[in-house]
>>> print(open('final-v3.cif').read())   # mmCIF, C-alpha atoms and all ligand atoms
data_protein
#
loop_
_atom_site.label_atom_id
_atom_site.label_comp_id
_atom_site.auth_asym_id
_atom_site.auth_seq_id
_atom_site.Cartn_x
_atom_site.Cartn_y
_atom_site.Cartn_z
CA MET A 1 -4.26 29.27 -40.97
CA PRO A 2 -4.01 26.29 -43.33
CA LEU A 3 -4.30 26.91 -47.06
CA ARG A 4 -7.36 24.82 -47.74
CA TYR A 5 -8.27 26.09 -51.21
CA LEU A 6 -6.68 26.99 -54.51
CA PHE A 7 -8.78 29.22 -56.74
CA VAL A 8 -8.17 29.49 -60.50
CA ASP A 9 -9.61 32.47 -62.34
CA MET A 10 -9.06 32.71 -66.10
CA ASN A 11 -8.00 36.19 -67.25
CA ALA A 12 -10.29 37.96 -69.74
CA PHE A 13 -11.58 34.53 -70.65
CA PHE A 14 -13.76 35.07 -73.75
CA ALA A 15 -11.32 37.61 -75.21
CA SER A 16 -8.39 35.29 -74.53
CA VAL A 17 -10.13 32.42 -76.34
CA GLU A 18 -10.52 34.72 -79.36
CA GLN A 19 -6.84 35.66 -79.22
CA GLN A 20 -5.84 32.03 -78.74
CA ASP A 21 -7.87 30.90 -81.75
CA ASP A 22 -6.80 33.76 -84.02
CA PRO A 23 -3.13 34.74 -83.56
CA ARG A 24 -3.75 37.95 -85.55
CA LEU A 25 -5.72 39.24 -82.55
CA ARG A 26 -2.91 38.72 -80.06
CA GLY A 27 -1.55 41.91 -78.60
CA ARG A 28 -4.51 43.84 -80.00
CA PRO A 29 -7.44 45.40 -78.13
CA VAL A 30 -10.35 42.97 -78.49
CA ALA A 31 -13.88 43.22 -77.16
CA VAL A 32 -16.38 40.37 -77.31
CA ILE A 33 -19.94 41.53 -77.93
CA PRO A 34 -23.22 39.61 -77.78
CA THR A 35 -24.60 40.72 -81.11
CA ARG A 36 -23.68 43.08 -83.97
CA ALA A 37 -25.32 46.21 -82.66
CA GLU A 38 -23.74 49.39 -81.30
CA THR A 39 -26.32 49.50 -78.51
CA THR A 40 -25.16 46.30 -76.84
CA PHE A 41 -22.46 45.99 -74.21
CA CYS A 42 -19.03 44.42 -74.20
CA ILE A 43 -19.16 41.08 -72.44
CA ALA A 44 -15.37 40.69 -72.31
CA ALA A 45 -12.35 42.86 -73.06
CA SER A 46 -8.74 41.84 -73.63
CA TYR A 47 -6.11 43.42 -71.42
CA GLU A 48 -5.01 45.53 -74.39
CA ALA A 49 -8.57 46.94 -74.55
CA ARG A 50 -8.76 47.35 -70.78
CA ALA A 51 -5.74 49.65 -70.98
CA PHE A 52 -8.06 52.06 -72.81
CA GLY A 53 -10.77 51.76 -70.16
CA VAL A 54 -12.94 49.23 -72.01
CA LYS A 55 -14.52 46.81 -69.55
CA THR A 56 -17.24 44.21 -69.34
CA GLY A 57 -20.44 46.25 -69.49
CA THR A 58 -19.07 49.16 -71.55
CA PRO A 59 -21.54 50.03 -74.34
CA VAL A 60 -20.03 49.20 -77.72
CA TRP A 61 -20.36 52.75 -79.07
CA GLN A 62 -18.51 54.07 -76.02
CA ALA A 63 -15.83 51.36 -76.25
CA ARG A 64 -15.08 52.46 -79.82
CA ARG A 65 -14.72 56.03 -78.66
CA LEU A 66 -12.37 55.03 -75.81
CA CYS A 67 -10.31 52.72 -78.01
CA PRO A 68 -10.34 53.64 -81.71
CA GLY A 69 -8.42 50.50 -82.80
CA LEU A 70 -10.83 48.18 -80.99
CA VAL A 71 -11.61 44.86 -82.71
CA THR A 72 -15.12 43.68 -81.84
CA ILE A 73 -16.00 40.03 -82.17
CA GLU A 74 -19.39 38.44 -81.86
CA ALA A 75 -19.43 35.91 -79.04
CA ASP A 76 -19.14 32.25 -79.98
CA HIS A 77 -20.27 30.45 -76.87
CA ASP A 78 -19.77 27.02 -78.30
CA ARG A 79 -16.03 27.67 -78.64
CA TYR A 80 -15.92 29.16 -75.14
CA THR A 81 -17.56 26.01 -73.82
CA VAL A 82 -14.92 23.89 -75.51
CA ALA A 83 -12.17 26.08 -74.00
CA HIS A 84 -13.86 25.86 -70.59
CA HIS A 85 -13.71 22.07 -70.69
CA ARG A 86 -10.08 22.13 -71.79
CA VAL A 87 -9.29 24.32 -68.79
CA LEU A 88 -11.15 21.91 -66.50
CA ASP A 89 -9.16 19.00 -67.94
CA ALA A 90 -5.93 20.93 -67.36
CA VAL A 91 -6.75 21.78 -63.76
CA GLY A 92 -7.94 18.23 -63.17
CA SER A 93 -4.63 16.84 -64.41
CA VAL A 94 -2.95 18.51 -61.41
CA LEU A 95 -5.61 18.55 -58.65
CA PRO A 96 -9.13 17.16 -58.36
CA VAL A 97 -11.55 19.89 -59.43
CA GLY A 98 -13.64 20.85 -56.41
CA ARG A 99 -16.22 23.36 -57.59
CA VAL A 100 -16.80 24.95 -60.95
CA LEU A 101 -18.07 28.37 -59.98
CA SER A 102 -18.50 29.86 -63.41
CA VAL A 103 -17.28 29.46 -66.93
CA ASP A 104 -13.89 30.89 -65.95
CA GLU A 105 -13.53 30.04 -62.27
CA VAL A 106 -12.64 26.78 -60.55
CA SER A 107 -11.70 25.99 -56.99
CA CYS A 108 -9.81 22.98 -55.70
CA GLY A 109 -9.42 21.73 -52.15
CA LEU A 110 -5.91 21.19 -50.77
CA VAL A 111 -5.10 18.35 -48.39
CA GLY A 112 -2.13 17.23 -46.32
CA ASP A 113 1.13 18.86 -47.18
CA GLU A 114 -0.43 20.46 -50.29
CA ARG A 115 -1.40 23.09 -47.74
CA ARG A 116 2.22 24.14 -47.24
CA PRO A 117 2.79 27.47 -49.01
CA ASP A 118 5.72 26.17 -51.08
CA ARG A 119 3.68 23.16 -52.23
CA ALA A 120 0.67 25.36 -53.03
CA VAL A 121 2.88 27.59 -55.17
CA GLY A 122 4.24 24.52 -56.98
CA LEU A 123 0.72 23.22 -57.67
CA ALA A 124 -0.43 26.62 -58.90
CA ASN A 125 2.47 26.80 -61.34
CA ARG A 126 1.76 23.28 -62.59
CA ILE A 127 -1.88 24.27 -63.18
CA LYS A 128 -0.80 27.32 -65.17
CA ALA A 129 1.53 25.17 -67.29
CA ALA A 130 -1.18 22.53 -67.84
CA ILE A 131 -3.64 25.21 -69.00
CA ARG A 132 -1.08 26.59 -71.45
CA ALA A 133 -0.40 23.06 -72.74
CA ARG A 134 -4.05 21.95 -73.05
CA ALA A 135 -5.99 25.14 -73.72
CA GLY A 136 -3.29 27.19 -75.41
CA GLU A 137 -0.36 29.46 -74.66
CA TRP A 138 -2.57 32.57 -74.70
CA MET A 139 -4.82 31.24 -71.95
CA ARG A 140 -3.62 32.83 -68.73
CA CYS A 141 -5.06 32.62 -65.26
CA SER A 142 -4.64 34.11 -61.83
CA VAL A 143 -4.40 31.69 -58.95
CA GLY A 144 -5.03 32.36 -55.28
CA ALA A 145 -4.54 30.14 -52.25
CA GLY A 146 -6.35 30.81 -49.00
CA PRO A 147 -7.94 29.26 -45.94
CA ASN A 148 -11.45 29.19 -47.42
CA GLY A 149 -12.97 29.44 -50.87
CA MET A 150 -14.01 33.06 -50.53
CA LEU A 151 -10.55 34.27 -49.45
CA ALA A 152 -8.82 32.10 -52.09
CA LYS A 153 -10.96 33.87 -54.70
CA VAL A 154 -10.07 37.27 -53.23
CA ALA A 155 -6.39 36.24 -53.37
CA ALA A 156 -6.71 35.21 -57.03
CA ASP A 157 -8.14 38.66 -57.77
CA MET A 158 -5.19 40.46 -56.17
CA HIS A 159 -2.80 40.03 -59.08
CA LYS A 160 -3.95 40.02 -62.69
CA PRO A 161 -3.19 38.92 -65.29
CA ASP A 162 -1.19 35.74 -64.75
CA GLY A 163 -0.96 36.29 -60.98
CA LEU A 164 -0.23 33.94 -58.12
CA THR A 165 -1.09 34.98 -54.57
CA VAL A 166 -0.77 32.84 -51.46
CA LEU A 167 -2.32 34.45 -48.42
CA PRO A 168 -0.03 34.39 -45.38
CA ASP A 169 -1.17 33.13 -41.99
CA ASP A 170 -2.14 36.53 -40.67
CA LEU A 171 -4.16 37.42 -43.81
CA ALA A 172 -2.60 40.89 -43.57
CA PRO A 173 -2.65 41.62 -47.36
CA LEU A 174 -6.46 41.69 -47.16
CA ASP A 175 -6.28 44.94 -45.21
CA GLY A 176 -5.05 46.80 -48.28
CA LEU A 177 -8.12 45.93 -50.34
CA ALA A 178 -11.21 47.96 -51.11
CA LEU A 179 -14.49 46.82 -49.54
CA THR A 180 -15.84 45.95 -52.97
CA ASP A 181 -12.91 43.58 -53.58
CA PHE A 182 -14.79 41.04 -51.45
CA PRO A 183 -17.25 39.01 -53.53
CA GLY A 184 -20.73 39.86 -52.34
CA VAL A 185 -19.90 43.46 -51.44
CA GLY A 186 -21.31 45.60 -54.23
CA PRO A 187 -21.88 49.35 -54.24
CA ARG A 188 -25.09 48.98 -52.25
CA MET A 189 -23.49 46.85 -49.53
CA GLU A 190 -20.49 49.17 -49.47
CA ARG A 191 -22.84 52.08 -48.72
CA ARG A 192 -24.47 50.11 -45.92
CA LEU A 193 -21.09 49.19 -44.44
CA LYS A 194 -20.04 52.84 -44.45
CA LEU A 195 -23.29 53.83 -42.74
CA HIS A 196 -22.26 51.47 -39.96
CA GLY A 197 -18.76 52.91 -39.63
CA VAL A 198 -16.93 50.31 -41.73
CA PHE A 199 -14.84 52.19 -44.29
CA THR A 200 -11.83 49.93 -44.86
CA ALA A 201 -11.10 46.26 -45.31
CA ARG A 202 -9.23 46.33 -42.01
CA GLN A 203 -12.37 47.60 -40.26
CA LEU A 204 -14.45 45.01 -42.10
CA ARG A 205 -12.23 42.22 -40.77
CA ALA A 206 -12.35 43.66 -37.25
CA ALA A 207 -16.12 44.27 -37.25
CA PRO A 208 -18.10 42.24 -34.69
CA ALA A 209 -20.53 39.66 -36.03
CA ALA A 210 -23.41 41.73 -34.65
CA THR A 211 -22.43 44.72 -36.81
CA LEU A 212 -22.17 42.55 -39.91
CA ALA A 213 -25.57 41.03 -39.08
CA THR A 214 -27.09 44.52 -39.01
CA VAL A 215 -25.43 45.46 -42.29
CA TRP A 216 -26.52 42.29 -44.07
CA GLY A 217 -29.90 42.30 -42.38
CA SER A 218 -29.50 38.69 -41.28
CA LYS A 219 -27.94 37.12 -38.21
CA LEU A 220 -26.99 34.07 -40.27
CA LEU A 221 -25.25 36.09 -42.98
CA GLY A 222 -23.49 38.32 -40.43
CA GLU A 223 -22.16 35.27 -38.62
CA ARG A 224 -21.10 33.73 -41.90
CA TRP A 225 -19.16 36.80 -43.08
CA HIS A 226 -17.55 37.18 -39.68
CA ARG A 227 -16.19 33.63 -39.85
CA LEU A 228 -15.17 33.77 -43.52
CA LEU A 229 -13.19 36.98 -43.00
CA ARG A 230 -11.28 35.23 -40.22
CA GLY A 231 -10.31 32.42 -42.56
CA GLU A 232 -12.65 29.83 -41.11
CA GLU A 233 -14.13 27.20 -43.32
CA VAL A 234 -17.89 27.74 -43.45
CA PRO A 235 -20.02 25.15 -45.23
CA THR A 236 -22.12 26.63 -48.03
CA PRO A 237 -25.82 26.11 -47.49
CA PRO A 238 -27.30 23.87 -50.19
CA GLU A 239 -28.82 26.16 -52.73
CA ARG A 240 -32.29 25.74 -54.03
CA ARG A 241 -33.07 27.25 -57.36
CA ARG A 242 -35.91 29.71 -57.45
CA SER A 243 -36.10 30.43 -61.15
CA VAL A 244 -34.79 29.69 -64.61
CA SER A 245 -34.69 32.69 -66.89
CA HIS A 246 -33.47 33.57 -70.32
CA SER A 247 -33.45 36.85 -72.17
CA HIS A 248 -32.10 37.95 -75.49
CA VAL A 249 -31.33 41.23 -77.20
CA LEU A 250 -32.92 40.92 -80.62
CA PRO A 251 -30.65 41.17 -83.63
CA PRO A 252 -31.87 43.99 -85.91
CA GLU A 253 -33.61 41.66 -88.39
CA LEU A 254 -35.79 40.15 -85.65
CA ARG A 255 -36.98 43.43 -84.16
CA THR A 256 -40.52 42.78 -85.27
CA ASP A 257 -43.52 41.36 -83.46
CA ALA A 258 -43.12 37.99 -85.17
CA GLY A 259 -39.37 37.94 -84.67
CA ALA A 260 -39.70 38.79 -80.98
CA TYR A 261 -42.28 36.08 -80.46
CA GLY A 262 -40.14 33.55 -82.33
CA VAL A 263 -37.18 34.27 -80.09
CA LEU A 264 -39.42 34.04 -77.04
CA VAL A 265 -40.55 30.60 -78.18
CA ARG A 266 -36.92 29.60 -78.64
CA LEU A 267 -36.02 30.84 -75.15
CA THR A 268 -38.95 28.87 -73.75
CA HIS A 269 -37.64 25.68 -75.35
CA LYS A 270 -34.25 26.30 -73.77
CA ALA A 271 -35.66 27.13 -70.35
CA ALA A 272 -37.94 24.09 -70.40
CA ALA A 273 -35.05 21.80 -71.35
CA ARG A 274 -33.01 23.20 -68.48
CA LEU A 275 -35.89 22.73 -66.10
CA ARG A 276 -36.12 19.07 -67.02
CA LYS A 277 -32.37 18.63 -66.85
CA MET A 278 -32.39 19.97 -63.30
CA ASN A 279 -35.51 17.88 -62.73
CA TYR A 280 -37.53 20.76 -61.38
CA TRP A 281 -41.16 21.68 -62.00
CA ALA A 282 -42.31 25.24 -62.59
CA GLY A 283 -45.40 26.70 -60.93
CA GLY A 284 -45.37 30.02 -62.73
CA LEU A 285 -44.06 31.82 -65.72
CA SER A 286 -43.40 35.36 -66.86
CA VAL A 287 -42.53 36.98 -70.17
CA GLY A 288 -41.34 40.46 -70.97
CA VAL A 289 -40.31 42.72 -73.78
CA THR A 290 -38.38 45.99 -73.88
CA TRP A 291 -39.24 48.45 -76.60
CA LYS A 292 -36.50 50.25 -78.42
CA GLY A 293 -36.60 53.98 -78.14
CA GLU A 294 -35.03 55.47 -75.06
CA ALA A 295 -31.53 56.91 -75.47
CA GLY A 296 -29.25 53.95 -75.94
CA ALA A 297 -32.20 51.64 -75.32
CA ALA A 298 -30.28 50.13 -72.46
CA PRO A 299 -32.63 47.86 -70.58
CA ASP A 300 -31.59 47.46 -66.96
CA PRO A 301 -30.75 43.82 -66.43
CA ALA A 302 -33.06 43.49 -63.44
CA GLY A 303 -36.25 44.53 -65.07
CA TRP A 304 -37.82 45.63 -68.26
CA GLY A 305 -36.89 49.26 -68.07
CA ARG A 306 -39.25 52.17 -68.26
CA SER A 307 -40.33 51.34 -71.79
CA GLY A 308 -41.28 47.74 -71.56
CA TRP A 309 -44.04 45.34 -70.76
CA SER A 310 -44.16 42.13 -68.80
CA ALA A 311 -46.78 39.74 -67.53
CA GLY A 312 -46.89 36.56 -65.56
CA CYS A 313 -49.21 33.73 -64.61
CA ARG A 314 -49.39 30.75 -62.29
CA LEU A 315 -49.41 27.22 -63.64
CA PRO A 316 -50.21 23.84 -62.23
CA HIS A 317 -46.67 22.57 -61.65
CA CYS A 318 -45.32 21.24 -64.93
CA GLN A 319 -42.06 20.73 -66.79
CA ASP A 320 -43.16 20.03 -70.37
CA THR A 321 -42.56 22.32 -73.31
CA PRO A 322 -46.10 22.33 -74.81
CA ASN A 323 -47.76 23.50 -71.58
CA LEU A 324 -45.13 26.20 -71.08
CA LEU A 325 -45.40 27.33 -74.71
CA ARG A 326 -49.17 27.56 -74.38
CA ALA A 327 -48.79 29.84 -71.35
CA VAL A 328 -46.19 31.97 -73.15
CA GLY A 329 -48.48 32.35 -76.15
CA HIS A 330 -51.40 33.28 -73.92
CA LEU A 331 -49.40 35.95 -72.08
CA TRP A 332 -47.89 37.29 -75.30
CA GLY A 333 -51.39 37.78 -76.68
CA LYS A 334 -52.09 40.25 -73.88
CA ARG A 335 -49.28 42.66 -74.77
CA PRO A 336 -50.33 46.16 -75.75
CA ALA A 337 -50.30 46.39 -79.54
CA GLY A 338 -48.29 48.93 -81.52
CA GLU A 339 -46.30 50.07 -78.50
CA GLY A 340 -42.92 50.20 -80.17
CA VAL A 341 -40.12 48.23 -81.79
CA PRO A 342 -39.19 45.20 -79.68
CA PHE A 343 -35.56 45.35 -78.57
CA LYS A 344 -35.17 42.57 -76.04
CA VAL A 345 -37.36 39.69 -74.92
CA GLY A 346 -37.11 37.40 -71.97
CA MET A 347 -38.96 34.82 -69.98
CA ALA A 348 -38.64 33.22 -66.58
CA LEU A 349 -39.92 30.03 -65.02
CA VAL A 350 -40.63 30.64 -61.35
CA ASP A 351 -41.85 28.90 -58.22
CA LEU A 352 -39.60 25.96 -58.97
CA ARG A 353 -39.90 22.77 -57.04
CA PRO A 354 -37.63 19.77 -57.14
CA ALA A 355 -39.36 16.82 -58.81
CA ALA A 356 -39.37 14.98 -55.51
CA SER A 357 -41.67 17.53 -53.90
CA ALA A 358 -43.86 18.44 -56.89
CA THR A 359 -47.03 16.58 -57.59
CA PRO A 360 -46.81 15.45 -61.19
CA SER A 361 -49.92 16.19 -63.16
CA LEU A 362 -52.61 13.58 -62.93
CA PHE A 363 -53.84 14.28 -66.41
CA ALA A 364 -52.68 11.81 -68.99
CA ASP A 365 -52.21 14.55 -71.58
CA ASP A 366 -49.76 16.38 -69.35
CA ARG A 367 -47.85 13.22 -68.61
CA ALA A 368 -47.62 12.51 -72.32
CA ALA A 369 -46.43 16.08 -72.94
CA ALA A 370 -43.69 15.64 -70.34
CA ASP A 371 -42.64 12.34 -71.93
CA LEU A 372 -42.61 13.87 -75.40
CA SER A 373 -40.51 16.77 -74.14
CA ARG A 374 -38.01 14.39 -72.64
CA ALA A 375 -37.83 12.53 -75.94
CA VAL A 376 -37.06 15.83 -77.67
CA ASP A 377 -34.29 16.49 -75.13
CA GLY A 378 -32.92 13.04 -75.88
CA VAL A 379 -32.86 13.63 -79.63
CA ASN A 380 -31.19 16.99 -79.15
CA ALA A 381 -28.57 15.51 -76.83
CA GLU A 382 -27.78 12.84 -79.40
CA PHE A 383 -27.77 14.89 -82.59
CA GLY A 384 -26.98 18.40 -81.48
CA ARG A 385 -29.09 21.13 -80.01
CA SER A 386 -32.28 22.06 -81.83
CA MET A 387 -32.49 19.02 -84.10
CA ALA A 388 -35.98 18.49 -82.80
CA TYR A 389 -38.31 21.22 -81.60
CA PHE A 390 -41.93 22.16 -81.38
CA GLY A 391 -43.50 23.79 -84.41
CA GLY A 392 -43.44 27.41 -83.31
CA MET A 393 -39.68 27.49 -83.58
CA TRP A 394 -39.46 26.76 -87.26
CA GLY A 395 -36.93 29.00 -88.97
CA LEU A 396 -35.61 30.38 -85.71
CA ARG A 397 -33.32 27.68 -84.51
CA ASP A 398 -30.30 29.98 -84.50
CA ALA A 399 -32.14 33.04 -83.29
CA ALA A 400 -30.95 32.88 -79.70
CA PRO A 401 -27.45 31.50 -79.60
CA ASN A 402 -26.30 29.28 -76.81
CA ARG A 403 -24.98 32.05 -74.63
CA ILE A 404 -23.04 31.45 -71.48
CA ALA A 405 -23.97 33.32 -68.37
CA PHE A 406 -21.05 33.63 -66.02
CA ASN A 407 -22.73 31.55 -63.38
CA ARG A 408 -23.89 28.79 -65.65
CA ILE A 409 -22.03 26.50 -67.97
CA PRO A 410 -23.73 24.63 -70.78
CA ASP A 411 -23.10 20.93 -70.64
CA LEU A 412 -20.95 19.56 -73.32
CA SER A 413 -21.30 15.87 -73.72
CA ARG A 414 -19.37 15.11 -76.83
CA ALA A 415 -17.67 18.08 -78.43
CA VAL A 416 -14.39 18.02 -76.53
CA SER A 417 -11.85 15.36 -77.17
MG MG A 501 -11.92 35.79 -64.92
#
>>> encode(input="final-v3.cif", output="C-alpha cells")
Amino acid sequence: MPLRYLFVDMNAFFASVEQQDDPRLRGRPVAVIPTRAETTFCIAASYEARAFGVKTGTPVWQARRLCPGLVTIEADHDRYTVAHHRVLDAVGSVLPVGRVLSVDEVSCGLVGDERRPDRAVGLANRIKAAIRARAGEWMRCSVGAGPNGMLAKVAADMHKPDGLTVLPDDLAPLDGLALTDFPGVGPRMERRLKLHGVFTARQLRAAPAATLATVWGSKLLGERWHRLLRGEEVPTPPERRRSVSHSHVLPPELRTDAGAYGVLVRLTHKAAARLRKMNYWAGGLSVGVTWKGEAGAAPDPAGWGRSGWSAGCRLPHCQDTPNLLRAVGHLWGKRPAGEGVPFKVGMALVDLRPAASATPSLFADDRAAADLSRAVDGVNAEFGRSMAYFGGMWGLRDAAPNRIAFNRIPDLSRAVS
C-alpha cells in the first residue's frame, strides 16, 4: 500500500503558541480560554495541564479544581493565525502543502520515491525541524504517513506529542485502536457500530460495505468508509456550504440587552463579510440568545439550550450587510422581553447559494447595498479589520474577537512576514 499522504498535526496548538511566545509558561500547565469567565470552557490545554485531566471542553472552574496551578490565558486568535501561517510556510519549505484541514492540521501528498517509508520518515523529520526553525522551538507536531488522507491523520494521532508514525503495508497497527480513534466515529456512531456487532477496530476494518452502509444510513458513505479503511484513495466529494454561523459568549460587561444586540450586529458584519468572500448569497437568517441562569449556564453548542430563544426568517437571496442587519434587527425585536440576562448570542446565514446560481436582486437599492458592502470589505482588508462598519456597531468593534474555529482559518493577507 503506497504511502500517499503525510499528515501534520500540531500538538496543543493554541497552548503551545502561548508557551512559545512567553518562555515563563513553558513546562507549566496552561489552558487557553475564550473569555475571562469561570463558566466558559478551555479551548486548548498544554500537555502539562492534560496530565491533570484538563482537556479542550473542560469548564474553567472544573479545570482549576483538577489542576490548582493552572495558568489560564485569554485566547489571542490573531497571534494564533500568525503562528498558523508560519507553520504553513515551514511545511511548504519541505513539501507542497496539499490541504489545510484546520488551524493546526495540514496534509501533503507524496509522489514517486517520497512514498518509500524511509523517505517519508526523512521528510517528516525535516518538516518538524522546519517548524521549530520558523515557528519556534516549542512548536511540536505529530506526523503520520498513510495510504490515504484519513489513515494518515489516524496515524498522526497515534503518537503524541512529537510523534511520527508510518503505517506499514498491512495497516495492522490500526487494529489496536478504539473505534472513536477514526475521525467521523463519535460516541453516537460508536453506539450504532456496536448495535451492528462491530466492537473493535479490527472488526470495523473487516466489516462488509453493506454493514457500514446500514450503520451510516447511506450506501455511498458505507462504500466510502469500506474503501478508506482498506487504504484506498477515495476522492472527497466537493463540498457545498450550507450555512455561515457565528456565536459569542458575552463578556460580563456586555450581558445586557444593548450589549447582546451590539455583539449580534458585530457577528452579522463578520458573517456577511465571509459570505461575500466565499461569494455566496444567503436566502435565510436566524438569530438566537441563551439566557444565563441554569447551573453553569452551559449552552449546548448545537442549539440554544433550554433557556434560550431563537427565530429565523427567509430573505430574497442577498449578500449585503444592510439587508442582513435589517433582518437581524427585525428578528431581535420579536424576542420576549425581560426573560433573563443574555449569556450568549449567535446568528446564522442559511440556504446559501453560490453566486453563479443565485439571482442577484433586481432592485437598484439592493445592488447598491451589495456594492457598498464590498467597498467596506475592501477598506477593512486594506487598513485592518473593522476600520469601516455600519453604524450599529459603533463602540463595539472589539466586542467579538476574531476567533478561530478549528475548521476555519481567518485569512491573513499582510501580517506575516
Ligand atoms: Mg492538534
>>> residues_around(input="final-v3.cif", residues="Ala258 (chain A)", least_positions_apart="5", cutoff="10 Å", atoms="all atoms listed in the file", output="list in words")
Val263, Leu264 and Pro342 of chain A
>>> closest_residue(input="final-v3.cif", among="A:Pro2, A:Leu324, A:Arg374, A:Glu48", to="Val111 (chain A)", atoms="all atoms listed in the file")
A:Pro2
>>> closest_residue(input="final-v3.cif", among="A:Thr236, A:Asn279, A:Ser102, A:Thr256", to="ligand MG 501 (chain A)", atoms="all atoms listed in the file")
A:Ser102
>>> residues_around(input="final-v3.cif", residues="Arg64 (chain A)", least_positions_apart="4", cutoff="12 Å", atoms="all atoms listed in the file", output="VMD selection string")
chain A and resid 29 to 31 38 to 39 41 to 42 49 52 to 55 58 to 60 68 to 72
>>> residues_near_ligand(input="final-v3.cif", ligand="ligand MG 501 (chain A)", cutoff="6 Å", atoms="only C-alpha atoms and all ligand atoms", output="list in words")
Asp9, Met10, Asn11, Ala12, Phe13 and Asp104 of chain A
>>> residues_around(input="final-v3.cif", residues="region 127-135 of chain A", least_positions_apart="2", cutoff="10 Å", atoms="only C-alpha atoms", output="VMD selection string")
chain A and resid 8 10 17 20 82 to 95 121 to 125 137 to 143 162 to 164
>>> atom_distance(input="final-v3.cif", atom1="CA of Thr40 (chain A)", atom2="CA of Asp157 (chain A)")
26.7 Å
>>> residues_near_point(input="final-v3.cif", point="(-6.6, 45.2, -54.5)", cutoff="12 Å", atoms="all atoms listed in the file", output="list in words")
Val154, Ala155, Ala156, Asp157, Met158, His159, Lys160, Thr165, Pro173, Leu174, Asp175, Gly176, Leu177, Ala178, Leu179, Thr180, Asp181, Phe182, Thr200 and Ala201 of chain A
>>> closest_residue(input="final-v3.cif", among="A:Gly112, A:Asn148, A:Leu101, A:Arg230", to="Asp170 (chain A)", atoms="all atoms listed in the file")
A:Arg230
>>> residues_around(input="final-v3.cif", residues="Gly259 (chain A)", least_positions_apart="5", cutoff="10 Å", atoms="only C-alpha atoms", output="mmCIF file with C-alpha atoms, in the coordinates of the input")
data_model
loop_
_atom_site.group_PDB
_atom_site.id
_atom_site.type_symbol
_atom_site.label_atom_id
_atom_site.label_comp_id
_atom_site.auth_asym_id
_atom_site.auth_seq_id
_atom_site.Cartn_x
_atom_site.Cartn_y
_atom_site.Cartn_z
ATOM 1 C CA LEU A 250 -32.920 40.920 -80.620
ATOM 2 C CA PRO A 251 -30.650 41.170 -83.630
ATOM 3 C CA PRO A 252 -31.870 43.990 -85.910
ATOM 4 C CA GLU A 253 -33.610 41.660 -88.390
ATOM 5 C CA LEU A 254 -35.790 40.150 -85.650
ATOM 6 C CA LEU A 264 -39.420 34.040 -77.040
ATOM 7 C CA VAL A 265 -40.550 30.600 -78.180
ATOM 8 C CA PRO A 342 -39.190 45.200 -79.680
ATOM 9 C CA LEU A 396 -35.610 30.380 -85.710
ATOM 10 C CA ALA A 399 -32.140 33.040 -83.290
#
>>> residues_near_point(input="final-v3.cif", point="(-19.1, 33.9, -44.1)", cutoff="12 Å", atoms="all atoms listed in the file", output="count of residues only")
32
>>> residues_around(input="final-v3.cif", residues="region 272-275 of chain A", least_positions_apart="4", cutoff="9 Å", atoms="all atoms listed in the file", output="MDAnalysis selection string")
chainID A and resid 244 267:268 279:282 319:321 324 349 352 373:374 376:377
>>> write_last_selection(input="final-v3.cif", atoms="C-alpha atoms", output="PDB file, in the coordinates of the input")
ATOM      1  CA  VAL A 244     -34.790  29.690 -64.610  1.00  0.00           C
ATOM      2  CA  LEU A 267     -36.020  30.840 -75.150  1.00  0.00           C
ATOM      3  CA  THR A 268     -38.950  28.870 -73.750  1.00  0.00           C
ATOM      4  CA  ASN A 279     -35.510  17.880 -62.730  1.00  0.00           C
ATOM      5  CA  TYR A 280     -37.530  20.760 -61.380  1.00  0.00           C
ATOM      6  CA  TRP A 281     -41.160  21.680 -62.000  1.00  0.00           C
ATOM      7  CA  ALA A 282     -42.310  25.240 -62.590  1.00  0.00           C
ATOM      8  CA  GLN A 319     -42.060  20.730 -66.790  1.00  0.00           C
ATOM      9  CA  ASP A 320     -43.160  20.030 -70.370  1.00  0.00           C
ATOM     10  CA  THR A 321     -42.560  22.320 -73.310  1.00  0.00           C
ATOM     11  CA  LEU A 324     -45.130  26.200 -71.080  1.00  0.00           C
ATOM     12  CA  LEU A 349     -39.920  30.030 -65.020  1.00  0.00           C
ATOM     13  CA  LEU A 352     -39.600  25.960 -58.970  1.00  0.00           C
ATOM     14  CA  SER A 373     -40.510  16.770 -74.140  1.00  0.00           C
ATOM     15  CA  ARG A 374     -38.010  14.390 -72.640  1.00  0.00           C
ATOM     16  CA  VAL A 376     -37.060  15.830 -77.670  1.00  0.00           C
ATOM     17  CA  ASP A 377     -34.290  16.490 -75.130  1.00  0.00           C
TER      18      ASP A 377
END
>>> atom_distance(input="final-v3.cif", atom1="CA of Pro147 (chain A)", atom2="CA of Phe7 (chain A)")
10.8 Å
